[in-house]
$ cat my_file05.txt   # compact mmCIF, C-alpha atoms
# COMPACT_ATOMS: atom_id res chain seq x y z
CA MET Q 1 0.00 0.00 0.00
CA VAL Q 2 2.74 2.37 -0.85
CA HIS Q 3 3.16 4.70 -3.71
CA SER Q 4 6.74 5.34 -4.37
CA TYR Q 5 8.11 7.92 -6.72
CA SER Q 6 11.72 8.57 -7.37
CA ILE Q 7 13.83 10.32 -9.94
CA MET Q 8 17.05 8.68 -10.88
CA ASN Q 9 19.55 11.34 -11.63
CA GLY Q 10 22.72 9.44 -11.86
CA ILE Q 11 23.30 8.98 -8.18
CA VAL Q 12 23.10 5.31 -7.58
CA LYS Q 13 21.70 4.73 -4.17
CA ASN Q 14 22.51 1.32 -2.97
CA THR Q 15 22.67 1.39 0.77
CA LEU Q 16 19.99 -1.24 0.93
CA GLU Q 17 19.96 -4.40 -1.06
CA CYS Q 18 16.24 -4.82 -0.66
CA PRO Q 19 13.69 -3.63 -3.18
CA ARG Q 20 11.65 -0.50 -3.03
CA GLU Q 21 8.69 -2.00 -1.16
CA GLU Q 22 10.91 -3.25 1.63
CA GLU Q 23 12.49 0.12 1.94
CA ALA Q 24 9.14 1.80 2.04
CA LYS Q 25 7.95 -0.53 4.78
CA LEU Q 26 11.08 0.20 6.79
CA MET Q 27 10.56 3.87 6.28
CA TYR Q 28 6.98 3.69 7.43
CA GLY Q 29 7.96 1.72 10.50
CA MET Q 30 10.67 4.13 11.38
CA VAL Q 31 8.55 7.19 10.89
CA TYR Q 32 5.69 5.77 12.92
CA SER Q 33 7.97 4.72 15.78
CA LEU Q 34 9.75 8.01 15.74
CA LYS Q 35 6.47 9.84 15.97
CA SER Q 36 5.45 7.80 18.99
CA PHE Q 37 8.86 8.29 20.58
CA VAL Q 38 8.77 12.00 20.05
CA TRP Q 39 5.29 12.25 21.51
CA LYS Q 40 6.23 10.36 24.65
CA VAL Q 41 9.48 12.15 25.21
CA SER Q 42 8.24 15.63 24.47
CA PRO Q 43 7.96 17.89 27.49
CA VAL Q 44 5.06 19.78 25.96
CA ASP Q 45 2.15 18.79 23.78
CA LEU Q 46 2.63 18.58 20.07
CA LYS Q 47 0.71 20.96 17.97
CA GLU Q 48 0.99 20.54 14.31
CA GLY Q 49 1.82 16.95 13.46
CA TYR Q 50 5.02 17.94 11.79
CA TYR Q 51 8.54 16.96 12.59
CA CYS Q 52 11.78 16.71 10.74
CA PHE Q 53 14.96 14.99 11.58
CA SER Q 54 18.38 15.57 10.12
CA SER Q 55 21.39 13.42 9.83
CA ASP Q 56 24.65 14.86 8.69
CA LYS Q 57 23.77 14.31 5.05
CA TYR Q 58 20.01 14.59 4.65
CA ARG Q 59 16.85 15.77 6.25
CA LEU Q 60 13.58 13.97 6.39
CA HIS Q 61 10.36 15.91 6.79
CA PHE Q 62 7.24 14.28 8.06
CA TYR Q 63 3.81 15.78 8.06
CA GLU Q 64 0.75 14.10 9.40
CA SER Q 65 -2.67 15.48 8.77
CA PRO Q 66 -5.54 15.13 11.26
CA THR Q 67 -6.84 12.30 9.10
CA LYS Q 68 -3.62 10.33 9.62
CA LEU Q 69 -2.42 11.07 6.15
CA LYS Q 70 1.34 10.91 6.19
CA MET Q 71 3.62 12.82 3.92
CA ILE Q 72 7.31 12.23 3.93
CA MET Q 73 9.89 14.17 2.08
CA THR Q 74 13.63 13.78 2.07
CA THR Q 75 15.73 16.72 1.12
CA ASP Q 76 19.27 17.82 1.60
CA LEU Q 77 20.25 20.03 4.46
CA THR Q 78 19.78 23.34 2.71
CA ALA Q 79 16.14 23.04 1.77
CA GLN Q 80 14.04 25.68 3.47
CA GLY Q 81 10.40 26.18 4.10
CA ILE Q 82 9.45 22.56 3.75
CA LYS Q 83 7.04 22.61 6.64
CA GLU Q 84 4.95 25.30 4.99
CA LEU Q 85 5.31 23.50 1.71
CA LEU Q 86 3.95 20.28 3.05
CA HIS Q 87 1.15 22.06 4.82
CA GLN Q 88 0.32 23.89 1.64
CA ILE Q 89 0.35 20.71 -0.34
CA TYR Q 90 -2.10 19.18 2.03
CA THR Q 91 -4.43 22.13 2.16
CA GLN Q 92 -4.26 23.34 -1.38
CA LYS Q 93 -7.28 23.40 -3.59
CA PRO Q 94 -7.76 20.46 -5.93
CA HIS Q 95 -7.51 22.44 -9.08
CA ARG Q 96 -3.95 23.18 -8.21
CA VAL Q 97 -2.13 20.43 -6.45
CA THR Q 98 -3.19 18.49 -3.43
CA LEU Q 99 -1.71 15.45 -1.86
CA VAL Q 100 -4.14 13.31 0.07
CA ILE Q 101 -3.27 9.71 0.54
CA ASN Q 102 -4.83 7.89 3.44
CA LYS Q 103 -2.37 5.81 5.41
CA LYS Q 104 0.05 5.64 2.55
CA ASN Q 105 3.49 7.00 2.28
CA CYS Q 106 4.52 8.93 -0.69
CA THR Q 107 8.22 8.80 -0.60
CA GLY Q 108 10.66 10.18 -3.02
CA LYS Q 109 14.28 9.47 -2.82
CA ASP Q 110 15.98 12.40 -4.30
CA LYS Q 111 17.46 15.63 -3.19
CA HIS Q 112 14.63 18.01 -3.77
CA HIS Q 113 11.27 16.50 -3.98
CA GLN Q 114 8.01 18.22 -3.86
CA PHE Q 115 5.06 16.12 -3.10
CA VAL Q 116 2.60 18.10 -5.02
CA SER Q 117 0.43 15.52 -6.43
CA ILE Q 118 -2.83 15.89 -8.05
CA TYR Q 119 -4.42 13.17 -6.09
CA VAL Q 120 -7.92 14.49 -5.91
CA GLU Q 121 -7.92 15.42 -9.56
CA TYR Q 122 -6.33 12.33 -11.01
CA VAL Q 123 -6.80 9.63 -8.47
CA VAL Q 124 -9.84 10.23 -6.33
CA MET Q 125 -11.87 11.20 -9.36
CA ASN Q 126 -10.55 8.28 -11.30
CA PRO Q 127 -13.07 5.44 -11.02
CA LEU Q 128 -10.34 2.89 -11.58
CA CYS Q 129 -8.21 3.97 -8.64
CA THR Q 130 -9.30 2.73 -5.26
CA VAL Q 131 -8.16 4.28 -2.02
CA ASP Q 132 -5.94 1.69 -0.47
CA LYS Q 133 -4.20 0.46 -3.57
CA PRO Q 134 -0.98 1.75 -5.06
CA ILE Q 135 -1.57 4.56 -7.47
CA GLU Q 136 -1.04 3.37 -11.01
CA SER Q 137 -2.44 6.24 -12.95
CA GLU Q 138 0.00 7.42 -15.60
CA LEU Q 139 -1.59 10.80 -15.78
CA PHE Q 140 -0.99 11.22 -12.09
CA SER Q 141 2.66 10.30 -12.49
CA SER Q 142 3.22 12.63 -15.39
CA LYS Q 143 1.57 15.53 -13.61
CA LEU Q 144 3.61 14.80 -10.52
CA ASP Q 145 6.73 14.78 -12.61
CA GLU Q 146 5.84 18.14 -14.09
CA MET Q 147 5.19 19.71 -10.73
CA ILE Q 148 8.40 18.45 -9.25
CA LYS Q 149 10.43 19.89 -12.06
CA GLN Q 150 8.77 23.22 -11.60
CA HIS Q 151 9.63 23.51 -7.94
CA PRO Q 152 12.25 26.20 -7.30
CA SER Q 153 14.59 24.19 -5.10
CA PHE Q 154 14.65 21.41 -7.68
CA GLN Q 155 15.64 23.90 -10.34
CA SER Q 156 18.29 25.56 -8.27
CA ARG Q 157 20.09 22.30 -7.99
CA TYR Q 158 19.86 21.21 -11.56
CA SER Q 159 20.12 24.47 -13.41
CA GLN A 1 9.53 34.96 29.77
CA VAL A 2 10.79 31.57 28.81
CA ILE A 3 14.09 30.58 30.31
CA MET A 4 15.78 28.65 27.59
CA THR A 5 17.23 25.56 29.02
CA VAL A 6 17.81 21.92 28.56
CA TYR A 7 14.68 19.89 29.34
CA SER A 8 16.22 16.47 29.63
CA ILE A 9 19.32 14.49 28.96
CA TYR A 10 19.54 10.83 28.09
CA ILE A 11 22.70 8.83 27.66
CA LEU A 12 22.55 5.52 25.81
CA SER A 13 25.25 2.93 25.98
CA LYS A 14 26.74 1.17 23.00
CA SER A 15 24.19 -1.63 23.19
CA GLY A 16 21.29 0.81 23.33
CA GLY A 17 20.43 0.68 27.01
CA LEU A 18 19.76 3.81 29.00
CA ILE A 19 22.63 4.52 31.38
CA TYR A 20 21.79 8.02 32.50
CA GLN A 21 18.77 10.23 32.54
CA LEU A 22 18.19 13.70 33.87
CA ASP A 23 15.02 15.78 33.80
CA ASN A 24 15.83 19.38 34.24
CA ASN A 25 13.22 22.09 34.19
CA ALA A 26 10.66 20.17 32.23
CA PRO A 27 7.65 22.44 31.99
CA LEU A 28 4.72 21.21 34.00
CA ILE A 29 1.57 21.05 31.98
CA GLU A 30 -1.41 20.88 34.27
CA HIS A 31 -5.00 21.87 33.88
CA GLU A 32 -7.69 21.82 36.47
CA LYS A 33 -11.31 22.29 35.58
CA THR A 34 -14.68 21.94 37.14
CA PHE A 35 -17.11 19.76 35.29
CA SER A 36 -20.80 19.21 35.58
CA TYR A 37 -22.73 16.11 34.71
CA PRO A 38 -22.56 14.66 32.07
CA LEU A 39 -18.83 14.71 31.55
CA GLU A 40 -17.87 15.91 28.10
CA LEU A 41 -14.54 14.16 28.14
CA LYS A 42 -14.28 10.50 27.39
CA LEU A 43 -11.90 8.81 29.79
CA GLU A 44 -10.41 5.36 29.51
CA LEU A 45 -7.99 3.29 31.49
CA ILE A 46 -4.93 2.92 29.32
CA ASN A 47 -1.72 1.47 30.66
CA ARG A 48 -2.90 1.85 34.25
CA ASN A 49 -3.63 5.53 33.83
CA ILE A 50 -6.93 7.24 33.27
CA THR A 51 -6.41 9.00 29.98
CA VAL A 52 -8.42 11.45 27.98
CA VAL A 53 -9.45 9.72 24.80
CA PHE A 54 -11.89 12.16 23.29
CA GLY A 55 -13.20 15.62 23.88
CA GLN A 56 -10.22 17.81 24.28
CA ARG A 57 -10.93 21.37 25.30
CA ASP A 58 -9.45 24.26 27.21
CA GLY A 59 -5.94 22.95 27.20
CA ILE A 60 -6.86 19.43 28.22
CA LYS A 61 -5.66 17.36 25.32
CA VAL A 62 -6.04 13.79 24.22
CA GLY A 63 -3.44 11.77 26.02
CA HIS A 64 -3.56 13.74 29.24
CA VAL A 65 -3.83 11.79 32.41
CA LEU A 66 -6.09 12.32 35.41
CA THR A 67 -4.02 13.23 38.43
CA ASN A 68 -6.49 14.79 40.83
CA LEU A 69 -10.16 14.54 41.59
CA ASN A 70 -11.54 17.24 43.87
CA GLY A 71 -8.07 17.71 45.27
CA ILE A 72 -7.53 14.06 46.09
CA SER A 73 -4.72 12.54 44.10
CA VAL A 74 -5.42 9.63 41.82
CA THR A 75 -3.18 6.66 41.08
CA GLY A 76 -4.30 4.36 38.34
CA ALA A 77 -8.06 4.00 38.64
CA GLN A 78 -8.16 4.52 42.36
CA MET A 79 -8.21 7.60 44.46
CA GLU A 80 -6.14 8.02 47.57
CA ASP A 81 -9.13 7.41 49.78
CA GLY A 82 -9.82 4.11 48.10
CA ARG A 83 -12.74 4.97 45.88
CA ASN A 84 -12.79 3.89 42.27
CA VAL A 85 -12.66 6.87 39.95
CA PHE A 86 -15.10 5.59 37.37
CA GLU A 87 -17.72 4.95 40.00
CA VAL A 88 -17.28 8.40 41.42
CA LEU A 89 -17.67 9.86 37.95
CA LYS A 90 -20.87 7.92 37.28
CA ASP A 91 -22.57 9.15 40.42
CA THR A 92 -24.43 12.36 39.65
CA ASN A 93 -24.39 13.41 43.30
CA ASN A 94 -20.71 14.11 43.08
CA TYR A 95 -21.09 16.83 40.49
CA PRO A 96 -19.92 19.56 39.98
CA ILE A 97 -16.60 17.81 40.14
CA SER A 98 -13.14 19.24 39.80
CA LEU A 99 -10.64 17.27 37.77
CA LYS A 100 -7.01 17.94 37.22
CA PHE A 101 -5.22 16.61 34.17
CA SER A 102 -1.61 16.70 33.28
CA ARG A 103 0.60 15.47 30.54
CA LEU A 104 1.77 11.94 30.95
CA LYS A 105 4.96 11.77 32.95
CA LEU A 106 7.15 8.91 32.01
CA SER A 107 8.05 6.44 34.70
CA THR A 108 11.62 5.20 34.85
CA ASN A 109 10.69 2.01 33.05
CA GLU A 110 8.96 3.95 30.35
CA LYS A 111 12.03 6.07 29.91
CA ILE A 112 14.23 3.04 29.53
CA PHE A 113 11.78 1.65 27.01
CA GLN A 114 11.63 4.81 24.97
CA ALA A 115 15.37 5.25 25.01
CA SER A 116 15.83 1.72 23.71
CA MET A 117 13.39 2.63 20.95
CA PHE A 118 15.68 5.37 19.85
CA TYR A 119 18.61 3.12 19.16
CA PRO A 120 17.09 1.19 16.22
CA LEU A 121 15.51 4.36 14.87
CA TYR A 122 18.95 5.86 14.68
CA ALA A 123 20.21 2.85 12.78
CA LEU A 124 17.25 2.91 10.42
CA ALA A 125 17.89 6.54 9.64
CA CYS A 126 21.43 5.62 8.61
CA GLN A 127 20.18 2.89 6.35
CA LEU A 128 17.32 4.72 4.74
CA SER A 129 19.43 7.67 3.80
CA PRO A 130 19.23 8.73 0.18
CA GLU A 131 22.90 9.57 0.35
CA PRO A 132 25.57 7.02 1.03
CA LYS A 133 27.34 6.86 4.35
CA SER A 134 25.08 9.12 6.29
CA SER A 135 25.13 9.25 10.04
CA GLY A 136 21.99 8.54 11.98
CA ILE A 137 19.55 10.97 13.51
CA GLN A 138 21.33 14.02 14.73
CA VAL A 139 18.55 16.52 15.21
CA VAL A 140 14.83 16.03 15.51
CA GLU A 141 12.89 19.23 15.34
CA MET A 142 9.36 19.82 16.36
CA ASP A 143 7.60 23.09 16.76
CA ASN A 144 8.12 23.29 20.49
CA PHE A 145 11.17 21.26 21.32
CA ARG A 146 14.31 19.99 19.71
CA LEU A 147 16.19 16.78 20.29
CA GLN A 148 19.87 16.59 19.49
CA CYS A 149 21.94 13.49 19.53
CA LEU A 150 25.67 13.00 19.44
CA GLN A 151 26.97 9.57 18.67
CA THR A 152 30.55 9.05 19.67
CA LEU A 153 33.03 6.85 17.89
CA THR A 154 32.46 4.20 20.50
CA GLY A 155 28.73 4.08 19.91
CA VAL A 156 27.60 5.94 23.02
CA LYS A 157 24.77 8.33 22.30
CA PHE A 158 24.20 11.57 24.13
CA ILE A 159 20.69 12.92 23.67
CA VAL A 160 19.62 16.36 24.75
CA ILE A 161 16.07 17.63 24.60
CA CYS A 162 15.82 21.37 24.66
CA ASP A 163 13.91 24.40 23.53
CA PRO A 164 14.12 24.91 19.75
CA LYS A 165 15.67 28.32 20.16
CA GLN A 166 18.51 27.06 22.29
CA ASN A 167 21.90 27.68 20.76
CA SER A 168 25.24 26.01 21.15
CA VAL A 169 23.84 22.62 21.97
CA ASP A 170 26.59 21.03 19.85
CA SER A 171 29.28 22.33 22.14
CA PHE A 172 27.18 21.34 25.13
CA LEU A 173 26.99 17.79 23.80
CA LYS A 174 30.74 17.71 23.34
CA LYS A 175 31.19 19.01 26.87
CA LEU A 176 28.84 16.28 28.06
CA TYR A 177 31.05 13.73 26.33
CA GLU A 178 34.09 15.16 28.09
CA ILE A 179 32.38 15.00 31.47
CA TYR A 180 31.39 11.42 30.75
CA ALA A 181 34.96 10.54 29.87
CA ASP A 182 36.44 12.32 32.87
CA PHE A 183 34.04 11.45 35.64
CA ALA A 184 32.39 8.22 34.62
CA LEU A 185 34.88 6.33 32.51
CA LYS A 186 37.88 7.25 34.60
CA ASN A 187 36.05 6.29 37.76
CA PRO A 188 37.50 2.92 38.80
CA PHE A 189 34.22 1.89 40.38
CA TYR A 190 32.24 2.47 37.22
CA SER A 191 31.83 -0.43 34.84
CA LEU A 192 31.03 0.11 31.21
CA GLU A 193 27.43 -0.03 30.04
CA MET A 194 26.11 0.19 33.59
CA PRO A 195 23.95 3.07 34.85
CA ILE A 196 26.07 6.02 35.80
CA ARG A 197 25.96 6.76 39.50
CA CYS A 198 28.97 8.94 40.06
CA ASP A 199 28.68 12.06 42.20
CA LEU A 200 31.33 14.03 40.38
CA PHE A 201 29.62 13.29 37.10
CA ASN A 202 26.32 14.66 38.40
CA GLU A 203 27.95 17.76 39.85
CA ASN A 204 29.90 18.61 36.76
CA LEU A 205 26.87 18.02 34.61
CA LYS A 206 24.90 20.50 36.67
CA VAL A 207 27.69 23.03 36.31
CA ALA A 208 27.73 22.51 32.55
CA ILE A 209 23.98 23.02 32.32
CA GLU A 210 24.23 26.20 34.35
CA GLN A 211 26.96 27.47 32.09
CA LEU A 212 24.82 26.77 29.08
CA GLU A 213 21.92 28.66 30.60
CA LYS A 214 24.13 31.59 31.48
CA SER A 215 25.57 31.77 28.02
CA THR A 216 22.14 31.76 26.42
CA LEU A 217 20.94 34.49 28.79
CA ASN A 218 23.92 36.57 27.82
CA SER A 219 23.40 36.13 24.14
CA VAL A 220 19.68 36.91 24.32
$ encode --input "my_file05.txt" --output "structure tokens"
Amino acid sequence: MVHSYSIMNGIVKNTLECPREEEAKLMYGMVYSLKSFVWKVSPVDLKEGYYCFSSDKYRLHFYESPTKLKMIMTTDLTAQGIKELLHQIYTQKPHRVTLVINKKNCTGKDKHHQFVSIYVEYVVMNPLCTVDKPIESELFSSKLDEMIKQHPSFQSRYS
Amino acid sequence: QVIMTVYSIYILSKSGGLIYQLDNNAPLIEHEKTFSYPLELKLELINRNITVVFGQRDGIKVGHVLTNLNGISVTGAQMEDGRNVFEVLKDTNNYPISLKFSRLKLSTNEKIFQASMFYPLYALACQLSPEPKSSGIQVVEMDNFRLQCLQTLTGVKFIVICDPKQNSVDSFLKKLYEIYADFALKNPFYSLEMPIRCDLFNENLKVAIEQLEKSTLNSV
């Protein structure tokens, strides 16, 4: 139940030998456990369902909506404003770009990913796409591709 | 005015077990309110604590635990005077009733459990990195606190939970490592991977925390 999108740009990532689905399951497990850990350990209540963690090489942003929709984005350390971006993605109007996937992860393994997907437009309104299945709509993928390439931090890296 | 300080410190050994924990200045979140019948909050017994499950309002959030009923402290589902809380709440004669809720405070066992949780999460973060040879989790940021972790070459992890605006936590972590090396490791009565119970370690740690607080006050 995972939709995975990634752009291969010449960097061969091979830290894991296992296939994409395994990696996505690991990611989901980690993110879920980390959220529970952070909630328990936090001295004050959590407000917005957003957290991000950084290692020395990358940063992972996690946004959970009130409907338990989880959005995960990995970026490098210089990406700014991702929290607002994710929030915007979630709340934006359908005619632009909205990402709403119930209990699924949408992960992208690249430096600058923008999860602006046109879920409502191309998936929810698609009678062939059901909610808990992986998204196989080609139109959805091509629109997603387009949006990612238009994002400013993507361009700044590859211009 | 918020005094920026370190909220807690956890030290994990190489095998992932918690060997030291300090809670310093954790803000106390408590809310007391008077309720009339019927109770708008839904309460359930979860993990031996009466927890708010639904109906958060006025600062009382889901996950908060009942600590006081009409001034009498509550442990588990029982009040200090022996009455069962749920029965008291069902009886309409007891209303209006005053209930105090606070955020769940972790018991020592819980802390050990959570700290052990952190160890595999750190390793997973290393593995799932899109870039090769990344370290594990170094900073976790939320809107109202930040967690920073330093992993030493020997696998010991120093975790500090502090206010997000706190500066110079990196140097504080390094200082913590030095204090650990000087007052725990060099202590002949301290064995590796055991909980740290050395007086000099505690004292020097307090001094280091005070220095951090002073330096942040100066820079503010």
$ closest_atom_pairs --input "my_file05.txt" --of "chain A" --to "chain Q" --cutoff "10 Å" --atoms "only C-alpha atoms" --output "JSON lines"
{"residue": "A:Tyr7", "atom": "CA", "partner": "Q:Pro43", "partner_atom": "CA", "distance": 7.3}
{"residue": "A:Ser8", "atom": "CA", "partner": "Q:Pro43", "partner_atom": "CA", "distance": 8.7}
{"residue": "A:Asp23", "atom": "CA", "partner": "Q:Pro43", "partner_atom": "CA", "distance": 9.7}
{"residue": "A:Asn25", "atom": "CA", "partner": "Q:Pro43", "partner_atom": "CA", "distance": 9.5}
{"residue": "A:Ala26", "atom": "CA", "partner": "Q:Pro43", "partner_atom": "CA", "distance": 5.9}
{"residue": "A:Pro27", "atom": "CA", "partner": "Q:Pro43", "partner_atom": "CA", "distance": 6.4}
{"residue": "A:Leu28", "atom": "CA", "partner": "Q:Pro43", "partner_atom": "CA", "distance": 8.0}
{"residue": "A:Ile29", "atom": "CA", "partner": "Q:Val44", "partner_atom": "CA", "distance": 7.1}
{"residue": "A:Gly59", "atom": "CA", "partner": "Q:Asp45", "partner_atom": "CA", "distance": 9.7}
{"residue": "A:Lys61", "atom": "CA", "partner": "Q:Asp45", "partner_atom": "CA", "distance": 8.1}
{"residue": "A:Val62", "atom": "CA", "partner": "Q:Asp45", "partner_atom": "CA", "distance": 9.6}
{"residue": "A:Gly63", "atom": "CA", "partner": "Q:Asp45", "partner_atom": "CA", "distance": 9.2}
{"residue": "A:His64", "atom": "CA", "partner": "Q:Asp45", "partner_atom": "CA", "distance": 9.4}
{"residue": "A:Arg103", "atom": "CA", "partner": "Q:Asp45", "partner_atom": "CA", "distance": 7.7}
{"residue": "A:Leu104", "atom": "CA", "partner": "Q:Lys40", "partner_atom": "CA", "distance": 7.9}
{"residue": "A:Lys105", "atom": "CA", "partner": "Q:Lys40", "partner_atom": "CA", "distance": 8.5}
{"residue": "A:Leu106", "atom": "CA", "partner": "Q:Lys40", "partner_atom": "CA", "distance": 7.6}
{"residue": "A:Glu110", "atom": "CA", "partner": "Q:Lys40", "partner_atom": "CA", "distance": 9.0}
{"residue": "A:Lys111", "atom": "CA", "partner": "Q:Val41", "partner_atom": "CA", "distance": 8.1}
{"residue": "A:Phe113", "atom": "CA", "partner": "Q:Phe37", "partner_atom": "CA", "distance": 9.7}
{"residue": "A:Gln114", "atom": "CA", "partner": "Q:Phe37", "partner_atom": "CA", "distance": 6.2}
{"residue": "A:Ala115", "atom": "CA", "partner": "Q:Phe37", "partner_atom": "CA", "distance": 8.4}
{"residue": "A:Met117", "atom": "CA", "partner": "Q:Phe37", "partner_atom": "CA", "distance": 7.3}
{"residue": "A:Phe118", "atom": "CA", "partner": "Q:Phe37", "partner_atom": "CA", "distance": 7.5}
{"residue": "A:Pro120", "atom": "CA", "partner": "Q:Met30", "partner_atom": "CA", "distance": 8.6}
{"residue": "A:Leu121", "atom": "CA", "partner": "Q:Met30", "partner_atom": "CA", "distance": 6.0}
{"residue": "A:Tyr122", "atom": "CA", "partner": "Q:Met30", "partner_atom": "CA", "distance": 9.1}
{"residue": "A:Ala123", "atom": "CA", "partner": "Q:Met30", "partner_atom": "CA", "distance": 9.7}
{"residue": "A:Leu124", "atom": "CA", "partner": "Q:Met30", "partner_atom": "CA", "distance": 6.8}
{"residue": "A:Ala125", "atom": "CA", "partner": "Q:Ser55", "partner_atom": "CA", "distance": 7.7}
{"residue": "A:Cys126", "atom": "CA", "partner": "Q:Ser55", "partner_atom": "CA", "distance": 7.9}
{"residue": "A:Gln127", "atom": "CA", "partner": "Q:Thr15", "partner_atom": "CA", "distance": 6.3}
{"residue": "A:Leu128", "atom": "CA", "partner": "Q:Met27", "partner_atom": "CA", "distance": 7.0}
{"residue": "A:Ser129", "atom": "CA", "partner": "Q:Tyr58", "partner_atom": "CA", "distance": 7.0}
{"residue": "A:Pro130", "atom": "CA", "partner": "Q:Lys109", "partner_atom": "CA", "distance": 5.8}
{"residue": "A:Glu131", "atom": "CA", "partner": "Q:Lys13", "partner_atom": "CA", "distance": 6.7}
{"residue": "A:Pro132", "atom": "CA", "partner": "Q:Thr15", "partner_atom": "CA", "distance": 6.3}
{"residue": "A:Lys133", "atom": "CA", "partner": "Q:Thr15", "partner_atom": "CA", "distance": 8.0}
{"residue": "A:Ser134", "atom": "CA", "partner": "Q:Lys57", "partner_atom": "CA", "distance": 5.5}
{"residue": "A:Ser135", "atom": "CA", "partner": "Q:Ser55", "partner_atom": "CA", "distance": 5.6}
{"residue": "A:Gly136", "atom": "CA", "partner": "Q:Ser55", "partner_atom": "CA", "distance": 5.4}
{"residue": "A:Ile137", "atom": "CA", "partner": "Q:Ser55", "partner_atom": "CA", "distance": 4.8}
{"residue": "A:Gln138", "atom": "CA", "partner": "Q:Ser55", "partner_atom": "CA", "distance": 4.9}
{"residue": "A:Val139", "atom": "CA", "partner": "Q:Ser54", "partner_atom": "CA", "distance": 5.2}
{"residue": "A:Val140", "atom": "CA", "partner": "Q:Phe53", "partner_atom": "CA", "distance": 4.1}
{"residue": "A:Glu141", "atom": "CA", "partner": "Q:Cys52", "partner_atom": "CA", "distance": 5.4}
{"residue": "A:Met142", "atom": "CA", "partner": "Q:Tyr51", "partner_atom": "CA", "distance": 4.8}
{"residue": "A:Asp143", "atom": "CA", "partner": "Q:Lys47", "partner_atom": "CA", "distance": 7.3}
{"residue": "A:Asn144", "atom": "CA", "partner": "Q:Val44", "partner_atom": "CA", "distance": 7.2}
{"residue": "A:Phe145", "atom": "CA", "partner": "Q:Ser42", "partner_atom": "CA", "distance": 7.1}
{"residue": "A:Arg146", "atom": "CA", "partner": "Q:Ser42", "partner_atom": "CA", "distance": 8.9}
{"residue": "A:Leu147", "atom": "CA", "partner": "Q:Val38", "partner_atom": "CA", "distance": 8.8}
{"residue": "A:Gln148", "atom": "CA", "partner": "Q:Phe53", "partner_atom": "CA", "distance": 9.4}
{"residue": "A:Cys149", "atom": "CA", "partner": "Q:Ser55", "partner_atom": "CA", "distance": 9.7}
{"residue": "A:Ile161", "atom": "CA", "partner": "Q:Ser42", "partner_atom": "CA", "distance": 8.1}
{"residue": "A:Cys162", "atom": "CA", "partner": "Q:Pro43", "partner_atom": "CA", "distance": 9.0}
{"residue": "A:Asp163", "atom": "CA", "partner": "Q:Pro43", "partner_atom": "CA", "distance": 9.7}
$ atom_distance --input "my_file05.txt" --atom1 "atom CA of Asp182 of chain A" --atom2 "atom CA of Pro195 of chain A"
15.7 Å
$ residues_around --input "my_file05.txt" --residues "Asn187 of chain A" --least-positions-apart "2" --cutoff "12 Å" --atoms "all atoms listed in the file" --output "PDB file with C-alpha atoms, keeping the file's coordinate frame"
ATOM      1  CA  ILE A 179      32.380  15.000  31.470  1.00  0.00           C
ATOM      2  CA  TYR A 180      31.390  11.420  30.750  1.00  0.00           C
ATOM      3  CA  ALA A 181      34.960  10.540  29.870  1.00  0.00           C
ATOM      4  CA  ASP A 182      36.440  12.320  32.870  1.00  0.00           C
ATOM      5  CA  PHE A 183      34.040  11.450  35.640  1.00  0.00           C
ATOM      6  CA  ALA A 184      32.390   8.220  34.620  1.00  0.00           C
ATOM      7  CA  LEU A 185      34.880   6.330  32.510  1.00  0.00           C
ATOM      8  CA  PHE A 189      34.220   1.890  40.380  1.00  0.00           C
ATOM      9  CA  TYR A 190      32.240   2.470  37.220  1.00  0.00           C
ATOM     10  CA  SER A 191      31.830  -0.430  34.840  1.00  0.00           C
ATOM     11  CA  LEU A 192      31.030   0.110  31.210  1.00  0.00           C
ATOM     12  CA  ILE A 196      26.070   6.020  35.800  1.00  0.00           C
ATOM     13  CA  ARG A 197      25.960   6.760  39.500  1.00  0.00           C
ATOM     14  CA  CYS A 198      28.970   8.940  40.060  1.00  0.00           C
ATOM     15  CA  ASP A 199      28.680  12.060  42.200  1.00  0.00           C
ATOM     16  CA  LEU A 200      31.330  14.030  40.380  1.00  0.00           C
ATOM     17  CA  PHE A 201      29.620  13.290  37.100  1.00  0.00           C
TER      18      PHE A 201
END
$ residues_around --input "my_file05.txt" --residues "Val156 of chain A" --least-positions-apart "2" --cutoff "9 Å" --atoms "all atoms listed in the file" --output "PyMOL selection string"
chain A and resi 11-16+150-154+158
$ closest_residue --input "my_file05.txt" --among "A:Phe101, A:Asn204, A:Thr92, A:Tyr37" --to "Arg57 of chain A" --atoms "all atoms listed in the file"
A:Phe101
$ residues_around --input "my_file05.txt" --residues "Gly55 of chain A" --least-positions-apart "2" --cutoff "7 Å" --atoms "only C-alpha atoms" --output "list in words"
Glu40, Leu41, Lys42 and Arg57 of chain A
$ closest_residue --input "my_file05.txt" --among "A:Lys33, A:Lys100, A:Lys174, A:Lys90" --to "Ile50 of chain A" --atoms "all atoms listed in the file"
A:Lys100
$ atom_distance --input "my_file05.txt" --atom1 "atom CA of Leu89 of chain A" --atom2 "atom CA of Pro38 of chain A"
9.0 Å
$ closest_residue --input "my_file05.txt" --among "A:Gly76, A:Pro188, A:Pro164, A:Pro96" --to "Leu39 of chain A" --atoms "only C-alpha atoms"
A:Pro96
$ residues_around --input "my_file05.txt" --residues "Phe172 of chain A" --least-positions-apart "6" --cutoff "9 Å" --atoms "all atoms listed in the file" --output "PyMOL selection string"
chain A and resi 208-209+212
$ atom_distance --input "my_file05.txt" --atom1 "atom CA of Asn47 of chain A" --atom2 "atom CA of Ser107 of chain A"
11.7 Å
